[in-house]
>>> print(open('upload36.txt').read())   # compact mmCIF, C-alpha atoms and all ligand atoms
# COMPACT_ATOMS: atom_id res chain seq x y z
CA MET A 155 25.64 12.45 5.13
CA ASP A 156 24.31 15.94 4.98
CA ALA A 157 20.91 16.25 6.67
CA ARG A 158 21.23 20.03 7.15
CA PRO A 159 19.11 22.07 7.78
CA PHE A 160 17.27 19.36 9.75
CA ASP A 161 18.35 18.58 13.27
CA ALA A 162 15.83 15.82 13.95
CA LEU A 163 13.44 13.35 12.35
CA LEU A 164 9.96 12.94 13.84
CA LEU A 165 8.12 9.67 13.25
CA VAL A 166 4.43 10.59 13.14
CA SER A 167 1.84 7.86 13.60
CA PHE A 168 -1.73 7.04 14.58
CA GLY A 169 -1.26 5.44 18.00
CA GLY A 170 -3.23 2.60 19.56
CA PRO A 171 -4.28 1.21 22.95
CA GLU A 172 -1.84 -0.73 25.14
CA HIS A 173 -4.32 -2.17 27.68
CA PRO A 174 -8.04 -3.02 27.75
CA ASP A 175 -8.67 0.12 29.83
CA ASP A 176 -7.20 2.24 27.05
CA VAL A 177 -9.60 1.02 24.35
CA VAL A 178 -12.59 3.28 25.02
CA PRO A 179 -10.58 6.49 25.64
CA PHE A 180 -8.51 5.71 22.51
CA LEU A 181 -11.67 5.32 20.42
CA GLU A 182 -12.97 8.58 21.89
CA ASN A 183 -9.75 10.31 20.80
CA VAL A 184 -10.01 8.90 17.28
CA THR A 185 -13.65 9.73 16.72
CA MET A 186 -13.99 13.03 18.58
CA GLY A 187 -16.61 15.07 16.68
CA ARG A 188 -16.73 12.67 13.71
CA GLY A 189 -20.27 11.34 14.06
CA ILE A 190 -19.33 7.65 14.13
CA PRO A 191 -22.38 5.60 15.23
CA ARG A 192 -22.18 4.02 18.70
CA GLU A 193 -22.69 0.49 17.28
CA ARG A 194 -19.65 0.87 15.05
CA LEU A 195 -17.51 1.98 18.01
CA GLU A 196 -18.67 -0.98 20.08
CA GLU A 197 -17.84 -3.29 17.21
CA VAL A 198 -14.35 -1.83 16.71
CA GLY A 199 -13.80 -1.96 20.49
CA GLN A 200 -14.46 -5.72 20.24
CA HIS A 201 -11.71 -6.07 17.62
CA TYR A 202 -9.24 -4.60 20.11
CA PHE A 203 -10.57 -6.69 23.03
CA LEU A 204 -10.18 -9.82 20.91
CA PHE A 205 -6.44 -9.01 20.86
CA GLY A 206 -6.24 -8.39 24.61
CA GLY A 207 -7.08 -4.67 24.38
CA LYS A 208 -3.75 -4.02 22.73
CA SER A 209 -3.08 -2.68 19.27
CA PRO A 210 -0.04 -3.99 17.40
CA ILE A 211 0.77 -0.49 16.12
CA ASN A 212 2.97 0.80 18.96
CA GLU A 213 5.34 -2.16 18.90
CA LEU A 214 5.52 -1.92 15.12
CA ASN A 215 6.51 1.73 15.40
CA LEU A 216 9.15 0.84 18.00
CA GLU A 217 10.58 -1.76 15.61
CA LEU A 218 10.62 0.81 12.82
CA LEU A 219 12.32 3.34 15.10
CA ASP A 220 14.95 0.82 16.07
CA ALA A 221 15.59 -0.13 12.43
CA LEU A 222 15.78 3.55 11.45
CA ARG A 223 18.32 4.33 14.17
CA LYS A 224 20.50 1.43 13.04
CA ASP A 225 20.16 2.43 9.39
CA PHE A 226 21.07 6.05 10.16
CA ALA A 227 24.08 4.96 12.21
CA GLU A 228 25.29 2.64 9.43
CA HIS A 229 24.94 5.37 6.82
CA GLY A 230 26.46 8.22 8.76
CA VAL A 231 23.22 10.16 9.24
CA ASP A 232 23.74 11.77 12.60
CA LEU A 233 20.22 12.83 13.51
CA PRO A 234 18.10 12.04 16.56
CA ILE A 235 14.73 10.40 15.88
CA TYR A 236 11.61 11.20 17.91
CA TRP A 237 8.18 9.54 17.83
CA GLY A 238 4.71 10.96 18.40
CA ASN A 239 1.10 9.87 17.71
CA ARG A 240 -2.20 11.52 16.90
CA ASN A 241 -4.38 9.40 19.17
CA TRP A 242 -2.34 7.78 21.93
CA ASP A 243 0.73 7.98 24.07
CA PRO A 244 3.42 9.01 23.14
CA TYR A 245 1.45 12.02 21.87
CA LEU A 246 2.83 14.41 19.25
CA ARG A 247 2.68 17.33 21.70
CA ASP A 248 4.94 15.49 24.18
CA ALA A 249 7.39 14.57 21.44
CA ALA A 250 7.47 18.22 20.32
CA ARG A 251 8.09 19.44 23.89
CA GLN A 252 10.96 16.99 24.23
CA MET A 253 12.41 18.15 20.92
CA ALA A 254 12.20 21.78 22.03
CA ALA A 255 13.88 20.89 25.35
CA ASP A 256 16.68 19.17 23.41
CA GLY A 257 17.21 22.28 21.28
CA VAL A 258 15.68 20.99 18.04
CA ARG A 259 14.70 23.86 15.73
CA ARG A 260 14.00 22.18 12.42
CA ALA A 261 12.61 18.69 12.00
CA ALA A 262 11.50 16.53 9.11
CA CYS A 263 8.32 14.50 9.71
CA PHE A 264 7.82 10.99 8.39
CA VAL A 265 4.12 10.05 8.54
CA THR A 266 3.19 6.35 8.64
CA SER A 267 0.55 6.86 5.96
CA ALA A 268 1.68 6.53 2.35
CA TYR A 269 -1.26 8.09 0.49
CA SER A 270 -3.17 11.37 0.17
CA SER A 271 -6.46 11.80 2.07
CA TYR A 272 -7.72 13.95 4.90
CA SER A 273 -6.99 11.09 7.36
CA GLY A 274 -3.49 10.41 6.02
CA CYS A 275 -2.40 13.91 5.03
CA ARG A 276 -4.14 17.08 6.19
CA GLN A 277 -5.29 15.75 9.58
CA TYR A 278 -1.66 14.98 10.48
CA ARG A 279 -0.65 18.44 9.25
CA GLU A 280 -3.28 19.96 11.56
CA ASP A 281 -2.07 17.81 14.47
CA LEU A 282 1.53 18.81 13.78
CA TYR A 283 0.63 22.49 13.76
CA ASP A 284 -0.90 22.06 17.21
CA ALA A 285 2.00 19.96 18.46
CA VAL A 286 4.69 22.58 17.76
CA SER A 287 2.61 25.66 18.41
CA GLY A 288 4.60 28.12 20.53
CA LEU A 289 7.69 25.87 20.67
CA GLY A 290 9.75 27.53 17.93
CA ILE A 291 10.16 24.33 15.92
CA GLU A 292 9.79 24.36 12.15
CA LEU A 293 8.46 21.16 10.60
CA SER A 294 8.70 19.78 7.06
CA ARG A 295 6.38 16.88 6.25
CA LEU A 296 8.22 14.42 3.97
CA ARG A 297 6.35 13.73 0.74
CA HIS A 298 3.85 10.91 0.19
CA TYR A 299 5.71 7.74 -0.71
CA PHE A 300 3.04 5.40 -2.13
CA ASN A 301 5.03 5.16 -5.39
CA HIS A 302 8.53 5.09 -3.92
CA PRO A 303 10.47 1.89 -4.75
CA GLY A 304 11.10 1.37 -1.02
CA PHE A 305 7.35 1.00 -0.49
CA VAL A 306 6.27 -0.69 -3.75
CA GLY A 307 9.30 -3.03 -3.91
CA PRO A 308 8.61 -5.01 -0.72
CA PHE A 309 4.99 -5.55 -1.87
CA ILE A 310 6.19 -6.83 -5.26
CA GLU A 311 8.63 -9.17 -3.51
CA ALA A 312 6.00 -10.51 -1.09
CA THR A 313 3.31 -10.88 -3.77
CA SER A 314 5.67 -12.71 -6.13
CA GLU A 315 6.60 -15.08 -3.33
CA ALA A 316 2.96 -15.75 -2.44
CA LEU A 317 2.02 -16.37 -6.08
CA ALA A 318 4.93 -18.75 -6.56
CA SER A 319 3.36 -21.18 -4.09
CA ALA A 320 -0.30 -20.45 -4.93
CA PRO A 321 -2.46 -22.58 -7.24
CA ASP A 322 -2.94 -21.57 -10.91
CA GLY A 323 -5.76 -19.10 -11.38
CA THR A 324 -5.13 -17.36 -8.06
CA HIS A 325 -6.65 -13.88 -7.96
CA VAL A 326 -4.75 -11.02 -6.27
CA VAL A 327 -6.89 -8.68 -4.18
CA PHE A 328 -5.23 -5.38 -3.24
CA VAL A 329 -6.79 -3.90 -0.13
CA THR A 330 -6.79 -0.51 1.49
CA HIS A 331 -8.74 1.39 4.14
CA SER A 332 -12.12 2.56 2.88
CA ILE A 333 -12.83 6.29 3.26
CA PRO A 334 -15.95 8.36 2.54
CA GLU A 335 -16.40 9.08 -1.17
CA THR A 336 -16.36 12.80 -0.37
CA MET A 337 -12.95 12.37 1.31
CA ASN A 338 -11.64 10.60 -1.78
CA LEU A 339 -12.95 13.38 -4.06
CA ALA A 340 -11.14 16.02 -1.99
CA SER A 341 -7.88 14.06 -1.68
CA GLY A 342 -4.98 15.82 -3.38
CA GLY A 343 -7.30 18.79 -4.14
CA PRO A 344 -10.99 19.25 -5.09
CA GLY A 345 -12.12 16.60 -7.60
CA ARG A 346 -8.66 15.03 -7.86
CA GLU A 347 -9.48 11.67 -6.24
CA ALA A 348 -5.80 11.23 -5.44
CA TYR A 349 -6.51 8.48 -2.88
CA VAL A 350 -8.08 6.09 -5.40
CA ARG A 351 -5.73 7.05 -8.24
CA GLN A 352 -2.65 6.46 -6.10
CA HIS A 353 -3.92 3.06 -4.96
CA GLU A 354 -4.83 2.05 -8.53
CA SER A 355 -1.35 3.00 -9.64
CA VAL A 356 0.35 1.01 -6.85
CA ALA A 357 -1.91 -2.01 -7.41
CA ALA A 358 -1.13 -2.00 -11.15
CA MET A 359 2.62 -1.74 -10.50
CA VAL A 360 2.64 -4.54 -7.93
CA ALA A 361 0.53 -6.76 -10.21
CA GLU A 362 2.90 -6.11 -13.11
CA GLY A 363 5.97 -6.64 -10.94
CA ALA A 364 4.55 -9.92 -9.67
CA GLY A 365 3.58 -10.94 -13.21
CA THR A 366 -0.18 -11.28 -12.92
CA HIS A 367 -3.17 -9.90 -14.82
CA ARG A 368 -5.75 -11.28 -12.42
CA TRP A 369 -6.23 -8.60 -9.82
CA SER A 370 -8.62 -6.08 -8.33
CA LEU A 371 -8.75 -3.37 -5.66
CA ALA A 372 -11.06 -3.72 -2.64
CA TYR A 373 -11.56 -1.89 0.66
CA CYS A 374 -11.72 -2.75 4.35
CA SER A 375 -12.61 -1.11 7.67
CA ARG A 376 -15.61 0.88 6.49
CA SER A 377 -16.90 3.10 9.26
CA GLY A 378 -19.25 6.08 9.53
CA SER A 379 -23.00 6.23 9.07
CA PRO A 380 -24.45 3.56 6.76
CA HIS A 381 -26.18 6.37 4.83
CA MET A 382 -22.92 7.96 3.79
CA PRO A 383 -21.23 6.43 0.73
CA TRP A 384 -17.73 5.01 1.34
CA LEU A 385 -15.35 3.43 -1.16
CA GLU A 386 -16.39 -0.08 -2.27
CA PRO A 387 -16.33 -3.02 -2.81
CA ASP A 388 -15.79 -4.21 0.73
CA ILE A 389 -13.27 -7.07 0.76
CA ASN A 390 -15.84 -9.55 2.11
CA ASP A 391 -18.45 -8.74 -0.57
CA HIS A 392 -15.69 -8.85 -3.14
CA LEU A 393 -14.60 -12.34 -2.05
CA ARG A 394 -18.23 -13.52 -2.48
CA GLU A 395 -18.33 -12.04 -6.00
CA LEU A 396 -15.03 -13.66 -6.91
CA HIS A 397 -16.30 -16.99 -5.58
CA GLU A 398 -19.46 -16.69 -7.69
CA SER A 399 -17.44 -16.10 -10.83
CA GLY A 400 -15.36 -19.23 -10.17
CA THR A 401 -12.27 -18.03 -8.26
CA THR A 402 -11.08 -20.61 -5.73
CA SER A 403 -7.87 -19.00 -4.47
CA VAL A 404 -6.91 -15.45 -3.46
CA VAL A 405 -3.74 -13.64 -2.40
CA VAL A 406 -4.56 -10.52 -0.39
CA VAL A 407 -2.11 -7.61 -0.59
CA PRO A 408 -2.72 -4.86 2.00
CA ILE A 409 -1.20 -1.97 0.00
CA GLY A 410 -3.01 0.59 2.19
CA PHE A 411 -0.95 -0.25 5.27
CA ILE A 412 2.74 0.10 5.97
CA SER A 413 2.68 -2.52 8.73
CA ASP A 414 0.35 -5.06 10.35
CA HIS A 415 -2.09 -2.68 12.03
CA MET A 416 -5.34 -3.79 13.63
CA GLU A 417 -7.04 -3.40 10.23
CA VAL A 418 -4.68 -6.04 8.85
CA ILE A 419 -4.80 -8.51 11.74
CA TYR A 420 -8.55 -8.14 12.34
CA ASP A 421 -10.28 -6.95 9.16
CA LEU A 422 -8.12 -9.08 6.86
CA ASP A 423 -6.49 -11.95 8.80
CA THR A 424 -9.55 -12.60 10.96
CA GLU A 425 -12.72 -11.41 9.24
CA ALA A 426 -11.89 -11.69 5.52
CA LYS A 427 -10.07 -14.97 6.16
CA MET A 428 -13.25 -16.31 7.78
CA THR A 429 -15.28 -15.20 4.75
CA ALA A 430 -12.85 -16.98 2.42
CA ASP A 431 -12.89 -20.12 4.60
CA GLY A 432 -16.68 -20.11 4.54
CA LEU A 433 -16.58 -20.02 0.73
CA GLY A 434 -13.95 -22.75 0.60
CA MET A 435 -11.41 -20.40 -0.99
CA THR A 436 -7.66 -20.62 -0.40
CA TYR A 437 -6.55 -17.38 1.30
CA ASP A 438 -3.05 -16.01 1.73
CA ARG A 439 -2.20 -12.51 3.00
CA VAL A 440 1.21 -11.11 2.04
CA ASP A 441 3.50 -9.12 4.34
CA THR A 442 3.34 -5.35 4.74
CA PRO A 443 6.70 -3.49 4.47
CA GLY A 444 7.05 -3.19 8.29
CA ALA A 445 10.76 -2.80 8.95
CA HIS A 446 11.90 -4.16 5.55
CA PRO A 447 15.40 -2.79 4.89
CA ASP A 448 14.26 -1.15 1.62
CA PHE A 449 11.41 0.61 3.41
CA VAL A 450 13.77 1.80 6.14
CA ALA A 451 16.27 3.00 3.53
CA MET A 452 13.41 4.87 1.82
CA VAL A 453 12.87 6.98 4.94
CA ARG A 454 16.54 7.96 4.89
CA ASP A 455 16.31 8.68 1.15
CA LEU A 456 13.24 10.93 1.62
CA LEU A 457 14.92 12.73 4.51
CA LEU A 458 18.17 13.43 2.63
CA GLU A 459 16.24 14.37 -0.53
CA ARG A 460 14.14 16.93 1.34
CA ALA A 461 17.16 18.26 3.22
CA ALA A 462 18.81 18.92 -0.15
CA VAL A 463 15.66 20.66 -1.41
CA GLU A 464 15.66 22.88 1.69
CA ARG A 465 19.31 23.79 0.95
CA GLY A 466 18.25 24.92 -2.53
CA GLU A 467 19.65 21.90 -4.37
CA GLN A 468 17.84 19.75 -6.92
CA PRO A 469 18.19 16.17 -5.73
CA GLU A 470 17.04 13.10 -7.62
CA ARG A 471 13.48 12.19 -6.57
CA CYS A 472 12.76 8.47 -6.68
CA SER A 473 9.33 7.32 -7.81
CA LEU A 474 7.75 4.57 -9.90
CA GLY A 475 4.82 4.70 -12.30
CA GLU A 476 3.00 7.50 -14.06
CA LEU A 477 2.04 9.76 -11.16
CA GLY A 478 5.55 11.02 -10.43
CA PRO A 479 7.01 12.10 -7.09
CA SER A 480 4.45 13.72 -4.80
CA HIS A 481 4.79 17.38 -3.78
CA ASP A 482 6.97 18.43 -0.81
CA VAL A 483 4.59 21.20 0.15
CA CYS A 484 0.83 20.64 -0.11
CA PRO A 485 -1.30 22.92 -2.30
CA VAL A 486 -3.64 25.21 -0.35
CA ASP A 487 -6.68 23.05 -1.14
CA CYS A 488 -4.97 19.66 -0.57
CA CYS A 489 -7.14 17.02 1.20
CA LEU A 490 -9.61 19.54 2.62
CA ASN A 491 -12.28 18.42 5.03
CA PRO A 492 -15.41 20.57 4.88
CA ARG A 493 -15.88 20.03 8.62
CA SER A 494 -12.59 21.60 9.60
CA ALA A 495 -10.56 24.63 8.67
CA LEU A 496 -7.77 24.24 11.17
CA PRO A 497 -4.28 25.66 10.68
CA THR A 498 -1.68 23.28 9.26
CA ILE A 499 2.05 22.90 8.71
CA GLY A 500 3.55 21.86 5.40
CA GLY A 501 1.22 23.68 3.01
CA VAL A 502 1.69 26.57 0.58
CA GLY A 503 1.40 29.77 2.60
CA ASP A 504 1.61 28.02 5.98
CA ALA A 505 3.85 29.76 8.47
CA THR A 506 7.35 28.34 7.91
CA ALA A 507 8.38 28.87 11.49
CA THR A 508 6.14 29.03 14.52
CA ALA A 509 6.71 31.84 16.97
CA THR A 510 8.38 31.04 20.24
CA ALA A 511 6.10 31.54 23.24
C1 LIG B 601 -7.19 6.56 5.42
C2 LIG B 601 -7.06 5.98 6.80
C3 LIG B 601 -5.95 5.40 7.38
C4 LIG B 601 -4.60 5.22 6.73
C5 LIG B 601 -3.77 6.42 7.04
C6 LIG B 601 -3.10 6.37 8.40
O1 LIG B 601 -2.45 5.38 8.69
O2 LIG B 601 -3.20 7.35 9.15
C7 LIG B 601 -6.30 5.01 8.70
C8 LIG B 601 -5.42 4.40 9.62
C9 LIG B 601 -5.74 3.89 10.87
N1 LIG B 601 -6.96 3.89 11.46
C10 LIG B 601 -6.84 3.28 12.69
C11 LIG B 601 -7.89 3.11 13.60
C12 LIG B 601 -9.15 3.67 13.47
N2 LIG B 601 -9.62 4.43 12.43
C13 LIG B 601 -10.91 4.82 12.68
C14 LIG B 601 -11.73 5.60 11.88
C15 LIG B 601 -11.43 6.06 10.58
N3 LIG B 601 -10.28 5.79 9.85
C16 LIG B 601 -10.37 6.45 8.63
C17 LIG B 601 -9.40 6.43 7.63
C18 LIG B 601 -8.10 5.94 7.80
N4 LIG B 601 -7.60 5.34 8.93
C19 LIG B 601 -11.62 7.13 8.59
C20 LIG B 601 -12.09 7.99 7.44
C21 LIG B 601 -12.28 6.88 9.79
C22 LIG B 601 -13.62 7.42 10.22
C23 LIG B 601 -13.44 8.49 11.26
C24 LIG B 601 -12.71 9.70 10.72
O3 LIG B 601 -13.24 10.36 9.82
O4 LIG B 601 -11.59 9.96 11.21
C25 LIG B 601 -11.28 4.32 13.97
C26 LIG B 601 -12.60 4.58 14.70
C27 LIG B 601 -13.45 3.39 14.65
C28 LIG B 601 -13.92 3.15 13.26
O5 LIG B 601 -14.73 3.96 12.84
O6 LIG B 601 -13.42 2.23 12.60
C29 LIG B 601 -10.18 3.60 14.46
C30 LIG B 601 -10.09 2.84 15.77
C31 LIG B 601 -5.47 2.90 12.89
C32 LIG B 601 -4.89 2.20 14.14
C33 LIG B 601 -4.91 0.72 13.90
C34 LIG B 601 -4.26 -0.05 15.00
O7 LIG B 601 -4.63 0.12 16.18
O8 LIG B 601 -3.37 -0.88 14.70
C35 LIG B 601 -4.78 3.28 11.77
C36 LIG B 601 -3.32 3.11 11.47
FE FE B 602 -8.71 4.55 10.49
>>> encode(input="upload36.txt", output="C-alpha cells")
Amino acid sequence: MDARPFDALLLVSFGGPEHPDDVVPFLENVTMGRGIPRERLEEVGQHYFLFGGKSPINELNLELLDALRKDFAEHGVDLPIYWGNRNWDPYLRDAARQMAADGVRRAACFVTSAYSSYSGCRQYREDLYDAVSGLGIELSRLRHYFNHPGFVGPFIEATSEALASAPDGTHVVFVTHSIPETMNLASGGPGREAYVRQHESVAAMVAEGAGTHRWSLAYCSRSGSPHMPWLEPDINDHLRELHESGTTSVVVVPIGFISDHMEVIYDLDTEAKMTADGLGMTYDRVDTPGAHPDFVAMVRDLLLERAAVERGEQPERCSLGELGPSHDVCPVDCCLNPRSALPTIGGVGDATATATA
C-alpha cells in the first residue's frame, strides 16, 4: 500500500501516571497555567489513587499500537509507528527526537481524540509544533474521525448488544467530557460549537443504528472554577432527572472516549454507577472502541487517505451523517483559546516544514 509521502505514523495521546508518585507531577503537567482550583486537583488525584496511582491510558495506547502494527503488517503498509504524549512519558518531544534520529522526515499524526475542541485539537497542534521544532520533521494531523464508520460502528454494535439484553423502556445516555461553554463556542471556529454539534450527530447516529428513540446527551468530568459555565447536564444530575420522570434502566454510551480512560472507569463506572445504584436504576456501560478491528482499520484508512491527498490525488473520504468528512488542515481560527496564541502545525498558513537546527 502506498503511504508516500509519509515515512512514519505518530500516535499522539494524553498520557497518564504509572505510579502513585507520578500522580501529582502529572496533574501539574495537565493543569499548568489553567487556573484549576486546588480542591478539584485533590479530588482528581484521589480518582487516580483509588486505582493504585495508575491510569489505564498508557496500557490502552500500547494495545492500540500493537493492534496497529499487526494491521499494517497484514495490509502491506510498511511504515514505522511511534508514540508520544502531551502530559506524561513517553513525551511527544522524545518521540520526535527518536523519529529524527531514525531519519523520519514526514509523519502523519493520529490523535486519540475524535472531536474538535481546544483540548482535543489545537492544544495537540501546539504541542506537536513544539515537539518537532528544529528537528526537520513535517507533520500532518489526520482529520477528526468522530463520524468515521470505524469509530461510530463499534458504538452502534456495543449499544445494540446492550439494548438487546436490557429491560423495555431502557434509556440510552450518551456521555462525553464536559468542557467550558466558551471552549465549545470556539470549537471548529468562532461561534461554530463544533464540539456539541459533532457529539449530537454521533449520538443521533448511534441511537438510530441501535434502533432507539429514547436517548439523551450528558457530560462528565467537569473541572475548572465553579463560577465558569461548563457543558451540562452532568451525568449524575441527569440520572436523577431521568429517575424522577420514571426511567428505571439506563445504558451509558461513552461516545467522547476512544478507550476506557480514567474518566470512563472512575466518572462513569464508579461515580455514575453509584448514583444509579442509589436510585435503584439498572446501569450498563457499553464498550469504547479500544482496539476494535474496525477502529484500527480506520486509522489505516485515514493514513492512506491523507497520503493520497498529499500526493495530489482525490481519495474517497469515509464519513457518516450530515456533517461530512472533517478538514485535513484546520482553518486559521479553528478551536482558538483566548489564553494562548502559540504556534501550531496542521493549520492553514502554518509552516509546512520546520527548519532543521
Ligand atoms: C475535551 C477533553 C478530552 C478529550 C480529548 C482528549 O482525549 O484529549 C480530555 C481527555 C482527557 N483528560 C484527561 C485527564 C485530565 N483532564 C483534565 C482537565 C481537563 N480536561 C479537559 C477536556 C478534555 N480532556 C478540560 C477542558 C480540562 C480543564 C483543564 C484544561 O483546560 O486543560 C485533568 C485535570 C484535572 C481536572 O481538572 O479534571 C486531567 C487529569 C485524560 C487522561 C485520562 C486517563 O488518565 O486515563 C484524557 C484522555
Ligand atoms: Fe481532560
>>> closest_residue(input="upload36.txt", among="A:Ala318, A:Ile333, A:Val407, A:Leu433", to="ligand FE 602 (chain B)", atoms="only C-alpha atoms and all ligand atoms")
A:Ile333
>>> closest_residue(input="upload36.txt", among="A:Pro179, A:Pro234, A:Gly274, A:Gly187", to="ligand LIG 601 (chain B)", atoms="only C-alpha atoms and all ligand atoms")
A:Gly274
>>> residues_near_ligand(input="upload36.txt", ligand="ligand LIG 601 (chain B)", cutoff="8 Å", atoms="only C-alpha atoms and all ligand atoms", output="number ranges by chain")
A: 167-171, 180-181, 184-185, 188-190, 194-195, 198-199, 202, 208-212, 265-269, 271-275, 278, 331-334, 337, 375-378, 410-412, 414-418
>>> residues_around(input="upload36.txt", residues="Ser294 in chain A", least_positions_apart="4", cutoff="6 Å", atoms="only C-alpha atoms", output="JSON, numbers by chain")
{"A": [262, 263, 500]}
>>> closest_residue(input="upload36.txt", among="A:Phe264, A:Asp421, A:Leu293, A:Lys224", to="ligand FE 602 (chain B)", atoms="all atoms listed in the file")
A:Asp421
>>> atom_distance(input="upload36.txt", atom1="CA of His367 in chain A", atom2="CA of Ile389 in chain A")
18.8 Å
>>> closest_residue(input="upload36.txt", among="A:Ala255, A:Leu474, A:Ala495, A:Leu163", to="Leu457 in chain A", atoms="all atoms listed in the file")
A:Leu163
>>> atom_distance(input="upload36.txt", atom1="CA of Ser480 in chain A", atom2="CA of Asn338 in chain A")
16.7 Å
>>> atom_distance(input="upload36.txt", atom1="CA of Phe300 in chain A", atom2="CA of His353 in chain A")
7.9 Å
>>> axis_aligned_box(input="upload36.txt", around="range 469-484 of chain A", padding_each_side="5 Å", output="lines of an AutoDock Vina configuration file")
center_x = 9.5
center_y = 12.9
center_z = -7.0
size_x = 27.4
size_y = 26.6
size_z = 24.2
>>> residues_near_point(input="upload36.txt", point="(-8.7, 11.7, -5.9)", cutoff="10 Å", atoms="only C-alpha atoms", output="list of chain:residue names")
A:Ser270, A:Ser271, A:Glu335, A:Thr336, A:Met337, A:Asn338, A:Leu339, A:Ala340, A:Ser341, A:Gly342, A:Gly343, A:Pro344, A:Gly345, A:Arg346, A:Glu347, A:Ala348, A:Tyr349, A:Val350, A:Arg351, A:Gln352, A:His353, A:Cys489
>>> residues_around(input="upload36.txt", residues="Lys427 in chain A", least_positions_apart="5", cutoff="10 Å", atoms="only C-alpha atoms", output="list in words")
Asn390, Leu393, Val406, Tyr420, Asp421, Leu422, Gly432, Leu433, Met435, Thr436, Tyr437, Asp438 and Arg439 of chain A
>>> closest_residue(input="upload36.txt", among="A:Arg240, A:Thr402, A:Asp156, A:Ala221", to="ligand FE 602 (chain B)", atoms="all atoms listed in the file")
A:Arg240
>>> build_atoms(input="upload36.txt", residues="range 422-433 of chain A", atoms="N, CA and C atoms", output="compact mmCIF listing (two decimals), in the frame of the given file")
# COMPACT_ATOMS: atom_id res chain seq x y z
N LEU A 422 -8.56 -8.15 7.91
CA LEU A 422 -8.12 -9.08 6.86
C LEU A 422 -7.87 -10.48 7.43
N ASP A 423 -6.90 -10.60 8.35
CA ASP A 423 -6.49 -11.95 8.80
C ASP A 423 -7.57 -12.68 9.58
N THR A 424 -8.49 -11.95 10.18
CA THR A 424 -9.55 -12.60 10.96
C THR A 424 -10.86 -12.65 10.17
N GLU A 425 -11.39 -11.46 9.84
CA GLU A 425 -12.72 -11.41 9.24
C GLU A 425 -12.74 -11.89 7.78
N ALA A 426 -11.88 -11.30 6.94
CA ALA A 426 -11.89 -11.69 5.52
C ALA A 426 -11.45 -13.14 5.35
N LYS A 427 -10.51 -13.57 6.20
CA LYS A 427 -10.07 -14.97 6.16
C LYS A 427 -11.24 -15.91 6.45
N MET A 428 -12.08 -15.51 7.42
CA MET A 428 -13.25 -16.31 7.78
C MET A 428 -14.23 -16.36 6.60
N THR A 429 -14.40 -15.23 5.92
CA THR A 429 -15.28 -15.20 4.75
C THR A 429 -14.76 -16.16 3.69
N ALA A 430 -13.44 -16.11 3.44
CA ALA A 430 -12.85 -16.98 2.42
C ALA A 430 -13.00 -18.45 2.83
N ASP A 431 -12.73 -18.75 4.10
CA ASP A 431 -12.89 -20.12 4.60
C ASP A 431 -14.31 -20.62 4.38
N GLY A 432 -15.27 -19.74 4.69
CA GLY A 432 -16.68 -20.11 4.54
C GLY A 432 -17.03 -20.43 3.09
N LEU A 433 -16.32 -19.80 2.15
CA LEU A 433 -16.58 -20.02 0.73
C LEU A 433 -15.72 -21.16 0.18
